Amino acid sequence: MLTIVLQRIYEDNSQLKGHRVLIDRVWPRGISKDEANLDEWMKDIAPSPSLRKWFNHDPQKFTEFTQAYQAEIKQDNEKQKKLNELIELAAKKKVILLYGAKDERHNHAVVLKELLHERRHDGQKTSR
């Protein structure tokens, strides 16, 4: 079972323990490296700059953004590699996916978490 938690990087991180992974391509404004308290930064798993700019955190575009981001991940070997790393890591311990977006329901972290769970489920089905 995967243990994946989403958290805005701007939230207090003292209560939530786990492997902290920043999944934004751009470093969050106003956060120092010490404040971030990261275990790693996977900027390559983030949406491409062009997709991120097109989406512009518009909730009305979220369904289309989700499809485009999932397609990007499926077509990009580096993103596939990072996705598999996250699945393996989350199978062993809690993974905290950190993101900077203000909207907690319409962002790439939500899409990524859902995709991680789908992939893990698919992997379990094919290994039986």
# chains A, B, ... in the order shown; residues from 1 in each chain; ligands from 1
>>> select_by_dssp(residues="range 12-81 of chain A", states="strand (DSSP E)", output="list of chain:residue names")
A:His19, A:Arg20, A:Val21, A:Leu22, A:Glu40, A:Trp41
>>> write_last_selection(atoms="N, CA and C atoms", output="PDB file, in the first residue's frame")
ATOM      1  N   HIS A  19       9.165  11.221   4.002  1.00  0.00           N
ATOM      2  CA  HIS A  19      10.147  11.620   2.988  1.00  0.00           C
ATOM      3  C   HIS A  19       9.574  12.795   2.199  1.00  0.00           C
ATOM      4  N   ARG A  20      10.184  13.956   2.344  1.00  0.00           N
ATOM      5  CA  ARG A  20       9.654  15.205   1.787  1.00  0.00           C
ATOM      6  C   ARG A  20      10.236  15.453   0.387  1.00  0.00           C
ATOM      7  N   VAL A  21       9.338  15.482  -0.607  1.00  0.00           N
ATOM      8  CA  VAL A  21       9.745  15.646  -2.004  1.00  0.00           C
ATOM      9  C   VAL A  21       9.037  16.860  -2.609  1.00  0.00           C
ATOM     10  N   LEU A  22       9.812  17.852  -2.997  1.00  0.00           N
ATOM     11  CA  LEU A  22       9.257  18.997  -3.719  1.00  0.00           C
ATOM     12  C   LEU A  22       9.073  18.578  -5.173  1.00  0.00           C
ATOM     13  N   GLU A  40      14.355  15.578  -1.064  1.00  0.00           N
ATOM     14  CA  GLU A  40      14.770  15.699  -2.461  1.00  0.00           C
ATOM     15  C   GLU A  40      13.833  16.627  -3.220  1.00  0.00           C
ATOM     16  N   TRP A  41      14.336  17.084  -4.359  1.00  0.00           N
ATOM     17  CA  TRP A  41      13.587  17.971  -5.247  1.00  0.00           C
ATOM     18  C   TRP A  41      13.493  17.290  -6.596  1.00  0.00           C
TER      19      TRP A  41
END
>>> residues_around(residues="Ile96 in chain A", least_positions_apart="4", cutoff="10 Å", atoms="only C-alpha atoms", output="list in words")
Thr3, Ile4, Val5, Leu6, Gln7, Arg8, Ile9, Leu16, Lys17, Gly18, His19, Arg20, Val21, Leu22, Ile23, Leu38, Asp39 and Ala90 of chain A
>>> write_last_selection(atoms="N, CA and C atoms", output="PDB file, in the first residue's frame")
ATOM      1  N   THR A   3       1.732   5.102   0.753  1.00  0.00           N
ATOM      2  CA  THR A   3       1.387   6.169   1.682  1.00  0.00           C
ATOM      3  C   THR A   3       1.910   7.468   1.100  1.00  0.00           C
ATOM      4  N   ILE A   4       0.999   8.226   0.506  1.00  0.00           N
ATOM      5  CA  ILE A   4       1.357   9.487  -0.144  1.00  0.00           C
ATOM      6  C   ILE A   4       0.465  10.585   0.416  1.00  0.00           C
ATOM      7  N   VAL A   5       1.106  11.660   0.835  1.00  0.00           N
ATOM      8  CA  VAL A   5       0.395  12.797   1.411  1.00  0.00           C
ATOM      9  C   VAL A   5       0.768  14.036   0.612  1.00  0.00           C
ATOM     10  N   LEU A   6      -0.199  14.895   0.374  1.00  0.00           N
ATOM     11  CA  LEU A   6       0.054  16.172  -0.288  1.00  0.00           C
ATOM     12  C   LEU A   6       0.128  17.269   0.761  1.00  0.00           C
ATOM     13  N   GLN A   7       1.049  18.202   0.555  1.00  0.00           N
ATOM     14  CA  GLN A   7       1.156  19.334   1.476  1.00  0.00           C
ATOM     15  C   GLN A   7       1.706  20.539   0.732  1.00  0.00           C
ATOM     16  N   ARG A   8       1.085  21.687   0.982  1.00  0.00           N
ATOM     17  CA  ARG A   8       1.649  22.942   0.473  1.00  0.00           C
ATOM     18  C   ARG A   8       2.952  23.194   1.205  1.00  0.00           C
ATOM     19  N   ILE A   9       3.959  23.592   0.477  1.00  0.00           N
ATOM     20  CA  ILE A   9       5.262  23.824   1.087  1.00  0.00           C
ATOM     21  C   ILE A   9       5.229  24.967   2.089  1.00  0.00           C
ATOM     22  N   LEU A  16       4.039  16.713  10.381  1.00  0.00           N
ATOM     23  CA  LEU A  16       3.958  15.656   9.376  1.00  0.00           C
ATOM     24  C   LEU A  16       5.346  15.084   9.101  1.00  0.00           C
ATOM     25  N   LYS A  17       5.518  13.807   9.381  1.00  0.00           N
ATOM     26  CA  LYS A  17       6.814  13.155   9.189  1.00  0.00           C
ATOM     27  C   LYS A  17       6.752  12.230   7.985  1.00  0.00           C
ATOM     28  N   GLY A  18       7.827  12.199   7.226  1.00  0.00           N
ATOM     29  CA  GLY A  18       7.935  11.339   6.060  1.00  0.00           C
ATOM     30  C   GLY A  18       9.016  11.860   5.137  1.00  0.00           C
ATOM     31  N   HIS A  19       9.165  11.221   4.002  1.00  0.00           N
ATOM     32  CA  HIS A  19      10.147  11.620   2.988  1.00  0.00           C
ATOM     33  C   HIS A  19       9.574  12.795   2.199  1.00  0.00           C
ATOM     34  N   ARG A  20      10.184  13.956   2.344  1.00  0.00           N
ATOM     35  CA  ARG A  20       9.654  15.205   1.787  1.00  0.00           C
ATOM     36  C   ARG A  20      10.236  15.453   0.387  1.00  0.00           C
ATOM     37  N   VAL A  21       9.338  15.482  -0.607  1.00  0.00           N
ATOM     38  CA  VAL A  21       9.745  15.646  -2.004  1.00  0.00           C
ATOM     39  C   VAL A  21       9.037  16.860  -2.609  1.00  0.00           C
ATOM     40  N   LEU A  22       9.812  17.852  -2.997  1.00  0.00           N
ATOM     41  CA  LEU A  22       9.257  18.997  -3.719  1.00  0.00           C
ATOM     42  C   LEU A  22       9.073  18.578  -5.173  1.00  0.00           C
ATOM     43  N   ILE A  23       7.857  18.769  -5.703  1.00  0.00           N
ATOM     44  CA  ILE A  23       7.558  18.319  -7.063  1.00  0.00           C
ATOM     45  C   ILE A  23       7.262  19.482  -8.003  1.00  0.00           C
ATOM     46  N   LEU A  38      13.726  19.640   2.822  1.00  0.00           N
ATOM     47  CA  LEU A  38      13.484  18.617   1.801  1.00  0.00           C
ATOM     48  C   LEU A  38      14.410  17.420   1.939  1.00  0.00           C
ATOM     49  N   ASP A  39      13.904  16.281   1.489  1.00  0.00           N
ATOM     50  CA  ASP A  39      14.757  15.118   1.293  1.00  0.00           C
ATOM     51  C   ASP A  39      15.219  15.077  -0.161  1.00  0.00           C
ATOM     52  N   ALA A  90       7.278   5.161  -1.849  1.00  0.00           N
ATOM     53  CA  ALA A  90       6.015   5.195  -1.105  1.00  0.00           C
ATOM     54  C   ALA A  90       5.575   3.803  -0.646  1.00  0.00           C
TER      55      ALA A  90
END
>>> atom_distance(atom1="CA of Ile73 in chain A", atom2="CA of Asp44 in chain A")
9.9 Å
>>> atom_distance(atom1="CA of Ser48 in chain A", atom2="CA of Glu35 in chain A")
25.7 Å
>>> atom_distance(atom1="CA of Leu116 in chain A", atom2="CA of Lys33 in chain A")
26.1 Å
>>> residues_around(residues="Arg120 in chain A", least_positions_apart="4", cutoff="12 Å", atoms="only C-alpha atoms", output="VMD selection string")
chain A and resid 1 to 4 83 to 91 113 to 116 124 to 127
>>> residues_around(residues="Ile31 in chain A", least_positions_apart="4", cutoff="10 Å", atoms="only C-alpha atoms", output="NGL selection string")
:A and (9-10 or 27 or 35-37 or 100)
>>> write_last_selection(atoms="C-alpha atoms", output="JSON list (two decimals), in the first residue's frame")
[["chain", "number", "residue", "atom", "x", "y", "z"],
["A", 9, "ILE", "CA", 5.26, 23.82, 1.09],
["A", 10, "TYR", "CA", 4.09, 26.96, 2.89],
["A", 27, "TRP", "CA", 11.58, 26.87, -6.36],
["A", 35, "GLU", "CA", 12.63, 26.05, 5.82],
["A", 36, "ALA", "CA", 11.76, 23.60, 3.06],
["A", 37, "ASN", "CA", 13.43, 20.77, 4.96],
["A", 100, "GLY", "CA", 3.48, 25.64, -3.94]]
>>> select_by_dssp(residues="chain A", states="alpha helix (DSSP H)", output="PDB file with C-alpha atoms, in the first residue's frame")
ATOM      1  CA  LYS A  33      16.252  25.590   1.714  1.00  0.00           C
ATOM      2  CA  ASP A  34      16.343  25.228   5.501  1.00  0.00           C
ATOM      3  CA  GLU A  35      12.629  26.051   5.821  1.00  0.00           C
ATOM      4  CA  ALA A  36      11.758  23.603   3.057  1.00  0.00           C
ATOM      5  CA  PRO A  49       6.740  25.009 -18.574  1.00  0.00           C
ATOM      6  CA  SER A  50       4.388  25.369 -21.537  1.00  0.00           C
ATOM      7  CA  LEU A  51       1.686  23.199 -19.936  1.00  0.00           C
ATOM      8  CA  ARG A  52       2.069  24.961 -16.584  1.00  0.00           C
ATOM      9  CA  LYS A  53       1.725  28.379 -18.248  1.00  0.00           C
ATOM     10  CA  TRP A  54      -1.275  27.270 -20.305  1.00  0.00           C
ATOM     11  CA  PHE A  55      -3.070  25.888 -17.219  1.00  0.00           C
ATOM     12  CA  PHE A  62      -8.281  21.283 -14.721  1.00  0.00           C
ATOM     13  CA  THR A  63      -9.806  18.284 -16.525  1.00  0.00           C
ATOM     14  CA  GLU A  64      -7.938  19.091 -19.724  1.00  0.00           C
ATOM     15  CA  PHE A  65      -4.776  19.866 -17.745  1.00  0.00           C
ATOM     16  CA  THR A  66      -5.033  16.496 -15.986  1.00  0.00           C
ATOM     17  CA  GLN A  67      -5.212  14.650 -19.299  1.00  0.00           C
ATOM     18  CA  ALA A  68      -2.324  16.636 -20.778  1.00  0.00           C
ATOM     19  CA  TYR A  69      -0.113  16.186 -17.706  1.00  0.00           C
ATOM     20  CA  GLN A  70      -0.801  12.450 -17.574  1.00  0.00           C
ATOM     21  CA  ALA A  71       0.080  12.225 -21.284  1.00  0.00           C
ATOM     22  CA  GLU A  72       3.321  14.127 -20.638  1.00  0.00           C
ATOM     23  CA  ILE A  73       4.288  11.683 -17.929  1.00  0.00           C
ATOM     24  CA  LYS A  74       3.480   8.662 -20.098  1.00  0.00           C
ATOM     25  CA  GLN A  75       5.525  10.019 -23.023  1.00  0.00           C
ATOM     26  CA  ASN A  77      11.167   8.635 -20.011  1.00  0.00           C
ATOM     27  CA  GLU A  78      12.585  10.884 -17.280  1.00  0.00           C
ATOM     28  CA  LYS A  79       9.123  11.488 -15.836  1.00  0.00           C
ATOM     29  CA  GLN A  80       8.426   7.724 -15.983  1.00  0.00           C
ATOM     30  CA  LYS A  81      11.647   7.052 -14.099  1.00  0.00           C
ATOM     31  CA  LYS A  82      10.751   9.581 -11.384  1.00  0.00           C
ATOM     32  CA  LEU A  83       7.218   8.175 -11.145  1.00  0.00           C
ATOM     33  CA  ASN A  84       8.619   4.684 -10.564  1.00  0.00           C
ATOM     34  CA  GLU A  85      11.047   6.026  -7.949  1.00  0.00           C
ATOM     35  CA  LEU A  86       8.144   7.624  -6.072  1.00  0.00           C
ATOM     36  CA  ILE A  87       6.116   4.398  -6.218  1.00  0.00           C
ATOM     37  CA  GLU A  88       9.025   2.370  -4.830  1.00  0.00           C
ATOM     38  CA  LEU A  89       9.685   4.921  -2.117  1.00  0.00           C
ATOM     39  CA  ALA A  90       6.015   5.195  -1.105  1.00  0.00           C
ATOM     40  CA  ALA A  91       5.777   1.409  -0.835  1.00  0.00           C
ATOM     41  CA  LYS A  92       8.440   1.569   1.919  1.00  0.00           C
ATOM     42  CA  HIS A 108      -0.390  18.966 -10.518  1.00  0.00           C
ATOM     43  CA  ALA A 109       0.268  17.352  -7.118  1.00  0.00           C
ATOM     44  CA  VAL A 110      -3.335  16.098  -7.033  1.00  0.00           C
ATOM     45  CA  VAL A 111      -2.911  14.605 -10.512  1.00  0.00           C
ATOM     46  CA  LEU A 112       0.435  13.054  -9.626  1.00  0.00           C
ATOM     47  CA  LYS A 113      -0.873  11.455  -6.434  1.00  0.00           C
ATOM     48  CA  GLU A 114      -3.814   9.947  -8.309  1.00  0.00           C
ATOM     49  CA  LEU A 115      -1.513   8.637 -11.035  1.00  0.00           C
ATOM     50  CA  LEU A 116       0.844   7.094  -8.458  1.00  0.00           C
ATOM     51  CA  HIS A 117      -2.036   5.206  -6.867  1.00  0.00           C
ATOM     52  CA  GLU A 118      -3.339   4.068 -10.277  1.00  0.00           C
ATOM     53  CA  ARG A 119       0.098   2.849 -11.342  1.00  0.00           C
ATOM     54  CA  ARG A 120       0.624   1.002  -8.091  1.00  0.00           C
ATOM     55  CA  HIS A 121      -2.794  -0.635  -8.426  1.00  0.00           C
ATOM     56  CA  ASP A 122      -2.086  -1.558 -12.074  1.00  0.00           C
ATOM     57  CA  GLY A 123       1.277  -2.975 -11.076  1.00  0.00           C
ATOM     58  CA  GLN A 124      -0.300  -5.180  -8.435  1.00  0.00           C
ATOM     59  CA  LYS A 125      -2.889  -6.480 -10.915  1.00  0.00           C
ATOM     60  CA  THR A 126      -0.278  -7.440 -13.515  1.00  0.00           C
ATOM     61  CA  SER A 127       2.081  -9.102 -11.020  1.00  0.00           C
TER      62      SER A 127
END
>>> closest_residue(among="A:Arg105, A:Lys61, A:Lys93, A:Arg25", to="Lys43 in chain A", atoms="only C-alpha atoms")
A:Arg25
